[in-house]
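Dropping final_37.txt in here (compact mmCIF, C-alpha atoms):
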# COMPACT_ATOMS: atom_id res chain seq x y z
CA MET Y 1 72.65 20.27 70.23
CA GLU Y 2 69.82 21.47 67.99
CA HIS Y 3 69.42 24.96 66.58
CA GLU Y 4 67.57 26.75 63.73
CA VAL Y 5 68.87 29.62 61.61
CA TYR Y 6 67.35 31.55 58.71
CA VAL Y 7 68.86 32.54 55.37
CA PRO Y 8 66.93 35.07 53.21
CA PHE Y 9 67.33 33.08 49.98
CA PRO Y 10 65.34 30.28 48.30
CA VAL Y 11 66.01 26.67 49.28
CA GLU Y 12 67.63 25.72 45.97
CA THR Y 13 70.06 28.65 46.14
CA VAL Y 14 71.10 27.80 49.71
CA ARG Y 15 71.43 24.12 48.84
CA GLN Y 16 73.80 24.89 45.97
CA ALA Y 17 75.86 27.11 48.28
CA LEU Y 18 76.10 24.43 50.97
CA ALA Y 19 77.25 21.92 48.34
CA GLU Y 20 80.54 23.87 48.06
CA PRO Y 21 82.86 22.85 50.93
CA GLU Y 22 85.18 25.82 50.41
CA ARG Y 23 82.28 28.27 50.68
CA VAL Y 24 80.97 26.53 53.79
CA ALA Y 25 84.40 26.77 55.43
CA ARG Y 26 84.79 30.41 54.36
CA CYS Y 27 81.49 31.34 56.04
CA ILE Y 28 82.40 29.75 59.39
CA PRO Y 29 83.33 32.58 61.79
CA GLY Y 30 86.96 32.46 62.90
CA CYS Y 31 88.02 30.16 60.05
CA GLN Y 32 91.09 31.00 57.95
CA LEU Y 33 91.74 28.69 54.99
CA ASP Y 34 95.23 27.70 53.86
CA ALA Y 35 96.46 29.20 50.60
CA ASP Y 36 96.86 25.73 49.05
CA ALA Y 37 93.65 24.30 50.51
CA ASP Y 38 91.84 21.63 48.50
CA PRO Y 39 88.39 22.97 47.45
CA GLY Y 40 86.87 19.53 48.02
CA THR Y 41 88.36 19.12 51.50
CA PRO Y 42 89.42 22.58 52.65
CA GLY Y 43 91.86 22.87 55.52
CA GLY Y 44 93.05 25.70 57.71
CA ARG Y 45 92.77 27.28 61.15
CA LEU Y 46 89.68 27.79 63.30
CA ARG Y 47 89.64 30.11 66.30
CA LEU Y 48 86.83 29.03 68.62
CA ARG Y 49 85.80 31.17 71.56
CA ILE Y 50 84.50 29.28 74.58
CA GLY Y 51 83.54 31.49 77.50
CA SER Y 52 86.48 33.76 78.25
CA SER Y 53 89.11 31.67 76.42
CA THR Y 54 89.94 31.08 72.76
CA ILE Y 55 91.08 27.77 71.28
CA THR Y 56 92.79 27.51 67.88
CA TYR Y 57 92.46 24.29 65.87
CA ARG Y 58 94.09 23.09 62.70
CA GLY Y 59 91.96 20.70 60.68
CA THR Y 60 89.85 19.91 57.65
CA LEU Y 61 86.17 19.95 56.68
CA THR Y 62 84.02 17.80 54.38
CA VAL Y 63 80.50 18.29 53.04
CA THR Y 64 78.20 15.49 51.85
CA LEU Y 65 74.78 15.92 50.22
CA ARG Y 66 72.11 13.51 51.39
CA GLY Y 67 69.00 13.78 49.30
CA ALA Y 68 67.46 17.04 48.13
CA ASP Y 69 67.13 18.71 51.53
CA THR Y 70 69.90 17.37 53.79
CA VAL Y 71 73.57 18.27 54.08
CA LEU Y 72 76.09 16.52 56.33
CA VAL Y 73 79.03 18.62 57.53
CA GLU Y 74 81.97 16.87 59.21
CA ALA Y 75 85.10 18.49 60.62
CA SER Y 76 88.06 17.44 62.73
CA GLY Y 77 91.05 19.28 64.12
CA MET Y 78 93.90 19.36 66.60
CA GLU Y 79 94.80 22.16 68.99
CA SER Y 80 97.63 24.27 67.63
CA ARG Y 81 98.93 24.67 71.21
CA GLY Y 82 98.22 21.52 73.11
CA ASP Y 83 97.26 17.89 72.67
CA GLY Y 84 93.48 18.35 72.52
CA SER Y 85 91.31 17.42 69.54
CA ALA Y 86 87.73 17.94 68.38
CA GLU Y 87 85.43 16.21 65.91
CA LEU Y 88 82.12 17.61 64.62
CA SER Y 89 79.23 15.86 62.88
CA LEU Y 90 76.47 18.29 61.90
CA THR Y 91 73.29 17.43 59.98
CA VAL Y 92 71.58 20.39 58.27
CA ARG Y 93 68.05 20.08 56.90
CA LEU Y 94 66.72 22.72 54.52
CA ALA Y 95 63.09 23.83 54.41
CA ALA Y 96 61.21 26.82 53.01
CA GLY Y 97 60.16 29.50 55.46
CA PRO Y 98 56.58 29.33 56.80
CA ASP Y 99 55.53 32.75 55.52
CA ASP Y 100 58.04 33.45 52.75
CA SER Y 101 59.19 30.97 50.12
CA ALA Y 102 62.27 33.14 49.50
CA THR Y 103 63.57 32.29 52.99
CA THR Y 104 65.27 29.04 53.94
CA VAL Y 105 65.19 27.51 57.43
CA LEU Y 106 68.30 25.53 58.36
CA SER Y 107 67.55 22.98 61.11
CA CYS Y 108 70.92 21.97 62.57
CA ALA Y 109 71.51 18.95 64.80
CA GLY Y 110 75.03 17.90 65.69
CA THR Y 111 77.42 16.33 68.15
CA VAL Y 112 80.97 17.26 69.14
CA THR Y 113 83.53 14.84 70.54
CA SER Y 114 86.49 16.56 72.12
CA THR Y 115 89.49 16.25 74.38
CA GLY Y 116 91.72 18.86 75.94
CA ARG Y 117 90.59 22.41 76.63
CA LEU Y 118 87.20 22.08 74.88
CA ALA Y 119 86.32 19.06 77.00
CA GLU Y 120 87.02 21.09 80.15
CA ALA Y 121 84.38 23.72 79.25
CA THR Y 122 80.92 23.50 80.81
CA GLY Y 123 77.97 22.24 78.78
CA GLN Y 124 76.27 25.63 78.89
CA ALA Y 125 79.39 27.41 77.59
CA ALA Y 126 79.81 24.88 74.78
CA GLU Y 127 76.14 25.13 73.76
CA SER Y 128 76.26 28.95 73.79
CA ALA Y 129 79.40 28.91 71.62
CA GLY Y 130 77.78 26.46 69.18
CA ARG Y 131 74.65 28.60 68.77
CA ARG Y 132 76.75 31.72 68.27
CA VAL Y 133 78.82 30.01 65.55
CA LEU Y 134 75.67 28.84 63.70
CA ASP Y 135 74.02 32.27 63.88
CA ARG Y 136 77.10 34.00 62.52
CA PHE Y 137 77.51 31.29 59.88
CA ALA Y 138 73.99 31.98 58.56
CA ALA Y 139 74.70 35.73 58.47
CA ASN Y 140 78.00 35.18 56.63
CA LEU Y 141 76.32 32.83 54.15
CA ALA Y 142 73.62 35.40 53.40
CA ALA Y 143 76.27 38.09 52.88
CA ASP Y 144 78.27 35.78 50.63
CA LEU Y 145 75.21 35.02 48.49
CA THR Y 146 74.38 38.73 48.29
CA ASP Y 147 77.88 39.59 47.03
CA THR Y 148 77.95 36.74 44.48
CA PRO Y 149 77.26 38.12 40.97
CA PRO Y 150 74.63 36.36 38.86
CA ASP Y 151 75.79 33.67 36.45
CA THR Y 152 76.43 35.17 33.01
CA GLN Y 153 77.69 32.07 31.26
CA ASP Y 154 74.36 31.42 29.52
CA SER Y 155 73.76 35.01 28.47
CA GLY Y 156 75.28 34.51 25.00
CA ALA Y 157 78.20 36.82 24.30
CA PRO Y 158 80.81 37.21 27.04
CA ALA Y 159 80.71 40.20 29.31
CA THR Y 160 83.84 41.66 27.72
CA ALA Y 161 82.10 41.96 24.35
CA ALA Y 162 80.31 45.11 25.43
CA LEU Y 163 83.66 46.75 26.09
CA PHE Y 164 84.97 46.12 22.57
CA ASP Y 165 81.63 47.01 20.95
CA THR Y 166 81.82 50.54 22.35
CA GLU Y 167 82.32 53.16 19.65
CA VAL Y 168 85.74 54.79 19.87
CA PRO Y 169 85.74 58.59 19.37
CA PRO Y 170 87.94 59.99 16.53
CA PRO Y 171 91.47 61.15 17.39
CA SER Y 172 92.01 64.78 18.27
CA LEU Y 173 94.40 65.28 15.29
CA ASP Y 174 91.67 64.46 12.79
CA PRO Y 175 90.54 67.80 11.30
CA LEU Y 176 87.06 66.35 10.88
CA SER Y 177 86.65 65.35 14.55
CA ASP Y 178 84.85 68.55 15.57
CA ALA Y 179 81.14 68.82 15.08
CA ASP Y 180 81.48 72.07 13.13
CA ALA Y 181 84.15 70.72 10.75
CA ASP Y 182 81.55 69.70 8.18
CA ASP Y 183 78.95 71.92 6.65
CA GLN Y 184 75.36 70.95 6.14
CA ASP Y 185 75.94 68.95 2.93
CA GLY Y 186 78.85 66.95 4.44
CA THR Y 187 81.67 68.72 2.51
CA PRO Y 188 84.68 69.71 4.65
CA PRO Y 189 85.69 73.39 4.47
CA ALA Y 190 88.80 74.46 2.62
CA GLU Y 191 90.85 74.89 5.79
CA ALA Y 192 90.09 71.38 7.05
CA ALA Y 193 90.77 69.85 3.62
CA HIS Y 194 94.11 71.69 3.39
CA ALA Y 195 95.13 70.54 6.88
CA ARG Y 196 94.25 66.96 5.99
CA ARG Y 197 96.28 67.09 2.78
CA THR Y 198 99.35 68.53 4.54
CA MET Y 199 99.31 65.76 7.18
CA ILE Y 200 99.52 62.98 4.57
CA GLY Y 201 103.06 61.61 4.35
CA ARG Y 202 104.26 63.27 7.57
CA SER Y 203 105.73 61.27 10.42
CA ALA Y 204 103.86 60.69 13.66
CA GLU Y 205 106.32 62.92 15.52
CA GLU Y 206 105.73 65.79 13.11
CA VAL Y 207 101.98 65.39 13.41
CA ASP Y 208 102.18 65.32 17.20
CA HIS Y 209 104.15 68.57 17.23
CA ALA Y 210 102.12 70.25 14.50
CA PRO Y 211 100.37 73.43 15.61
CA PRO Y 212 96.66 73.02 16.28
CA ARG Y 213 94.25 73.93 13.52
CA GLY Y 214 90.61 74.76 13.23
CA ARG Y 215 88.69 75.84 16.27
CA TYR Y 216 91.64 75.04 18.61
CA ALA Y 217 94.22 77.15 16.68
CA PRO Y 218 95.81 79.93 18.75
CA VAL Y 219 94.24 83.35 18.24
CA PRO Y 220 96.79 86.04 17.22
CA ALA Y 221 97.11 89.03 19.49
CA PRO Y 222 94.90 91.94 18.34
CA GLN Y 223 96.70 94.96 16.89
CA SER Y 224 95.39 98.38 17.85
CA ALA Y 225 94.37 100.94 15.23
CA THR Y 226 96.68 103.56 16.78
CA THR Y 227 99.76 101.47 16.00
CA SER Y 228 98.86 101.15 12.31
CA ALA Y 229 98.06 104.88 12.15
CA THR Y 230 101.43 105.77 13.71
CA LEU Y 231 103.29 103.61 11.22
CA ARG Y 232 101.31 105.18 8.37
CA TRP Y 233 102.53 108.74 9.19
CA ALA Y 234 106.00 107.86 10.47
CA ALA Y 235 107.54 107.19 7.03
CA PRO Y 236 106.53 110.52 5.40
CA ALA Y 237 107.66 112.48 8.48
CA ALA Y 238 111.04 110.80 8.43
CA ALA Y 239 111.47 111.55 4.71
CA LEU Y 240 110.55 115.20 5.30
CA ALA Y 241 113.05 115.52 8.16
CA LEU Y 242 115.80 114.00 6.03
CA ALA Y 243 115.09 116.40 3.12
CA SER Y 244 115.11 119.42 5.50
CA ALA Y 245 118.46 118.38 6.91
CA VAL Y 246 119.96 118.15 3.41
CA VAL Y 247 118.68 121.63 2.44
CA VAL Y 248 119.97 123.24 5.65
CA GLY Y 249 123.35 121.63 5.12
CA ARG Y 250 123.70 123.03 1.62
CA VAL Y 251 122.73 126.58 2.75
CA LEU Y 252 125.37 126.52 5.48
CA ARG Y 253 128.03 125.45 3.01
CA ARG Y 254 127.25 128.29 0.61
CA ARG Y 255 127.52 130.91 3.39
CA ARG Y 256 130.96 129.67 4.29

Let me see the file written as structure tokens.
Amino acid sequence: MEHEVYVPFPVETVRQALAEPERVARCIPGCQLDADADPGTPGGRLRLRIGSSTITYRGTLTVTLRGADTVLVEASGMESRGDGSAELSLTVRLAAGPDDSATTVLSCAGTVTSTGRLAEATGQAAESAGRRVLDRFAANLAADLTDTPPDTQDSGAPATAALFDTEVPPPSLDPLSDADADDQDGTPPAEAAHARRTMIGRSAEEVDHAPPRGRYAPVPAPQSATTSATLRWAAPAAALALASAVVVGRVLRRRR
């Protein structure tokens, strides 16, 4: 069978991707790799749909580079339920697209030798299944290349350096953390300086439970003017009442 598929990436990028057997196996539709699969010769399960039936194989896959524009893919497997087997030899040639150098044309030519259920399928059903697998493989490869982040190993400092180079804001307990804690000439006000001096030598627990200062200090409840006025006149009135009671008491005693 011969078939052509397109991948919207340059030839060199696609060639490097096809040189990785594990990536090739991961992009095959219906393939599930084993957890302990060898990256050089990945193994696992492949569910292949032929017509109205589905065949599951267990096998391995190998990839061999031949020159700058040819990749040989070979795979073999046994039916997980049955005695059938299948062997694939697929030659993939890479070429730039006719109208766009950022597109790669994969010209695939391969043969399949099989026994069991796959051998019982008609030639038309097998060819249709093969074309469908190659089309979906090209789509999965394009999606895999799109999701792959660019290589940052040659960019100098590691990517984590930017995280540790970020400026850390001052702690909230620092009386100088607010923007209005300093005046124009950079001298802290008396309240902030006093708060800073009182925190020196105190334990972390005491500092954590210290009442907030500065702009975040709690505002005392306002006291009304009527309350202060009442207290101002209450004391003299009480003294006057007490003196009147004493005078009345003495008068009553004299009359008796």

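With distances restricted to all atoms listed in the file, Y:Gly30 is the closest residue to Arg132 in chain Y from Y:Gly30, Y:Gly82, Y:Gly67, Y:Gly44.
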
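Compared by their closest atoms to Phe9 in chain Y, and using all atoms listed in the file, the residues Y:Glu74, Y:Asp34, Y:Asp144, Y:Glu127 rank with Y:Asp144 nearest.
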
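Here CA of Thr64 in chain Y stands at a distance of 28.4 Å from CA of Ala125 in chain Y.
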
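Considering all atoms listed in the file, the residue among Y:Ala96, Y:Val133, Y:Ala19, Y:Ala35 positioned nearest to Arg47 in chain Y is Y:Val133.
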
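Closest to Pro21 in chain Y among Y:Ala37, Y:Leu88, Y:Val63, Y:Ala75 is Y:Val63, based on only C-alpha atoms.
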
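You can rank Y:Val71, Y:Ala238, Y:Ile50, Y:Val5 by their closest distance to Thr122 in chain Y using all atoms listed in the file, and at the top of that list sits Y:Ile50.
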
Hey, what's within 7 Å of Leu46 in chain Y if we count all atoms listed in the file and toss same-chain stuff fewer than 4 positions away? As a PyMOL selection string, please?
-> chain Y and resi 30-32+56-58

Write the residues of the selection above to a file with C-alpha atoms, as a tab-separated table (two decimals), in the frame of the given file.
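selection02.tsv written:
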chain	number	residue	atom	x	y	z
Y	30	GLY	CA	86.96	32.46	62.90
Y	31	CYS	CA	88.02	30.16	60.05
Y	32	GLN	CA	91.09	31.00	57.95
Y	56	THR	CA	92.79	27.51	67.88
Y	57	TYR	CA	92.46	24.29	65.87
Y	58	ARG	CA	94.09	23.09	62.70

Could you add whatever atoms are missing so that range 90-114 of chain Y carries N, CA, C and O atoms, then write the result as a CSV table (one decimal), in the coordinates of the input?
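Below is the file that was written, result33.csv:
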chain,number,residue,atom,x,y,z
Y,90,LEU,N,77.6,17.4,61.9
Y,90,LEU,CA,76.5,18.3,61.9
Y,90,LEU,C,75.6,18.0,60.7
Y,90,LEU,O,76.0,17.9,59.6
Y,91,THR,N,74.3,17.7,61.0
Y,91,THR,CA,73.3,17.4,60.0
Y,91,THR,C,72.4,18.7,59.8
Y,91,THR,O,71.8,19.2,60.8
Y,92,VAL,N,72.3,19.2,58.6
Y,92,VAL,CA,71.6,20.4,58.3
Y,92,VAL,C,70.4,20.0,57.3
Y,92,VAL,O,70.7,19.5,56.2
Y,93,ARG,N,69.2,20.3,57.7
Y,93,ARG,CA,68.0,20.1,56.9
Y,93,ARG,C,67.5,21.4,56.4
Y,93,ARG,O,67.3,22.3,57.2
Y,94,LEU,N,67.2,21.5,55.1
Y,94,LEU,CA,66.7,22.7,54.5
Y,94,LEU,C,65.2,22.7,54.3
Y,94,LEU,O,64.7,21.6,53.9
Y,95,ALA,N,64.5,23.7,54.6
Y,95,ALA,CA,63.1,23.8,54.4
Y,95,ALA,C,62.7,25.3,54.1
Y,95,ALA,O,63.4,26.2,54.6
Y,96,ALA,N,61.7,25.5,53.3
Y,96,ALA,CA,61.2,26.8,53.0
Y,96,ALA,C,60.6,27.5,54.2
Y,96,ALA,O,60.0,26.8,55.1
Y,97,GLY,N,60.7,28.8,54.3
Y,97,GLY,CA,60.2,29.5,55.5
Y,97,GLY,C,58.6,29.4,55.5
Y,97,GLY,O,58.0,29.2,54.5
Y,98,PRO,N,58.0,29.5,56.7
Y,98,PRO,CA,56.6,29.3,56.8
Y,98,PRO,C,55.8,30.4,56.1
Y,98,PRO,O,54.7,30.2,55.6
Y,99,ASP,N,56.3,31.6,56.1
Y,99,ASP,CA,55.5,32.8,55.5
Y,99,ASP,C,56.2,33.3,54.2
Y,99,ASP,O,55.5,34.1,53.6
Y,100,ASP,N,57.3,32.9,53.9
Y,100,ASP,CA,58.0,33.4,52.8
Y,100,ASP,C,58.8,32.3,52.1
Y,100,ASP,O,59.7,31.8,52.7
Y,101,SER,N,58.5,32.0,50.8
Y,101,SER,CA,59.2,31.0,50.1
Y,101,SER,C,60.6,31.4,49.7
Y,101,SER,O,61.4,30.5,49.3
Y,102,ALA,N,60.9,32.7,49.8
Y,102,ALA,CA,62.3,33.1,49.5
Y,102,ALA,C,63.2,33.0,50.7
Y,102,ALA,O,64.3,33.5,50.6
Y,103,THR,N,62.8,32.5,51.8
Y,103,THR,CA,63.6,32.3,53.0
Y,103,THR,C,63.7,30.8,53.3
Y,103,THR,O,62.8,30.0,53.1
Y,104,THR,N,65.0,30.4,53.7
Y,104,THR,CA,65.3,29.0,53.9
Y,104,THR,C,65.5,28.9,55.4
Y,104,THR,O,66.3,29.7,56.0
Y,105,VAL,N,64.9,27.8,56.0
Y,105,VAL,CA,65.2,27.5,57.4
Y,105,VAL,C,66.2,26.4,57.5
Y,105,VAL,O,66.0,25.3,56.9
Y,106,LEU,N,67.3,26.6,58.2
Y,106,LEU,CA,68.3,25.5,58.4
Y,106,LEU,C,68.1,24.9,59.8
Y,106,LEU,O,68.4,25.6,60.8
Y,107,SER,N,67.7,23.7,59.8
Y,107,SER,CA,67.6,23.0,61.1
Y,107,SER,C,68.8,22.2,61.3
Y,107,SER,O,69.1,21.2,60.6
Y,108,CYS,N,69.6,22.6,62.3
Y,108,CYS,CA,70.9,22.0,62.6
Y,108,CYS,C,70.9,21.1,63.8
Y,108,CYS,O,70.3,21.5,64.9
Y,109,ALA,N,71.4,19.9,63.7
Y,109,ALA,CA,71.5,19.0,64.8
Y,109,ALA,C,72.9,18.3,64.7
Y,109,ALA,O,73.2,17.7,63.7
Y,110,GLY,N,73.7,18.4,65.8
Y,110,GLY,CA,75.0,17.9,65.7
Y,110,GLY,C,75.6,17.5,67.0
Y,110,GLY,O,75.0,17.8,68.1
Y,111,THR,N,76.7,16.8,67.0
Y,111,THR,CA,77.4,16.3,68.2
Y,111,THR,C,78.9,16.7,68.0
Y,111,THR,O,79.4,16.7,66.9
Y,112,VAL,N,79.6,16.9,69.1
Y,112,VAL,CA,81.0,17.3,69.1
Y,112,VAL,C,81.6,16.3,70.1
Y,112,VAL,O,81.2,16.2,71.3
Y,113,THR,N,82.7,15.7,69.7
Y,113,THR,CA,83.5,14.8,70.5
Y,113,THR,C,84.9,15.5,70.7
Y,113,THR,O,85.5,15.8,69.7
Y,114,SER,N,85.3,15.8,71.9
Y,114,SER,CA,86.5,16.6,72.1
Y,114,SER,C,87.3,16.1,73.3
Y,114,SER,O,86.8,15.4,74.2
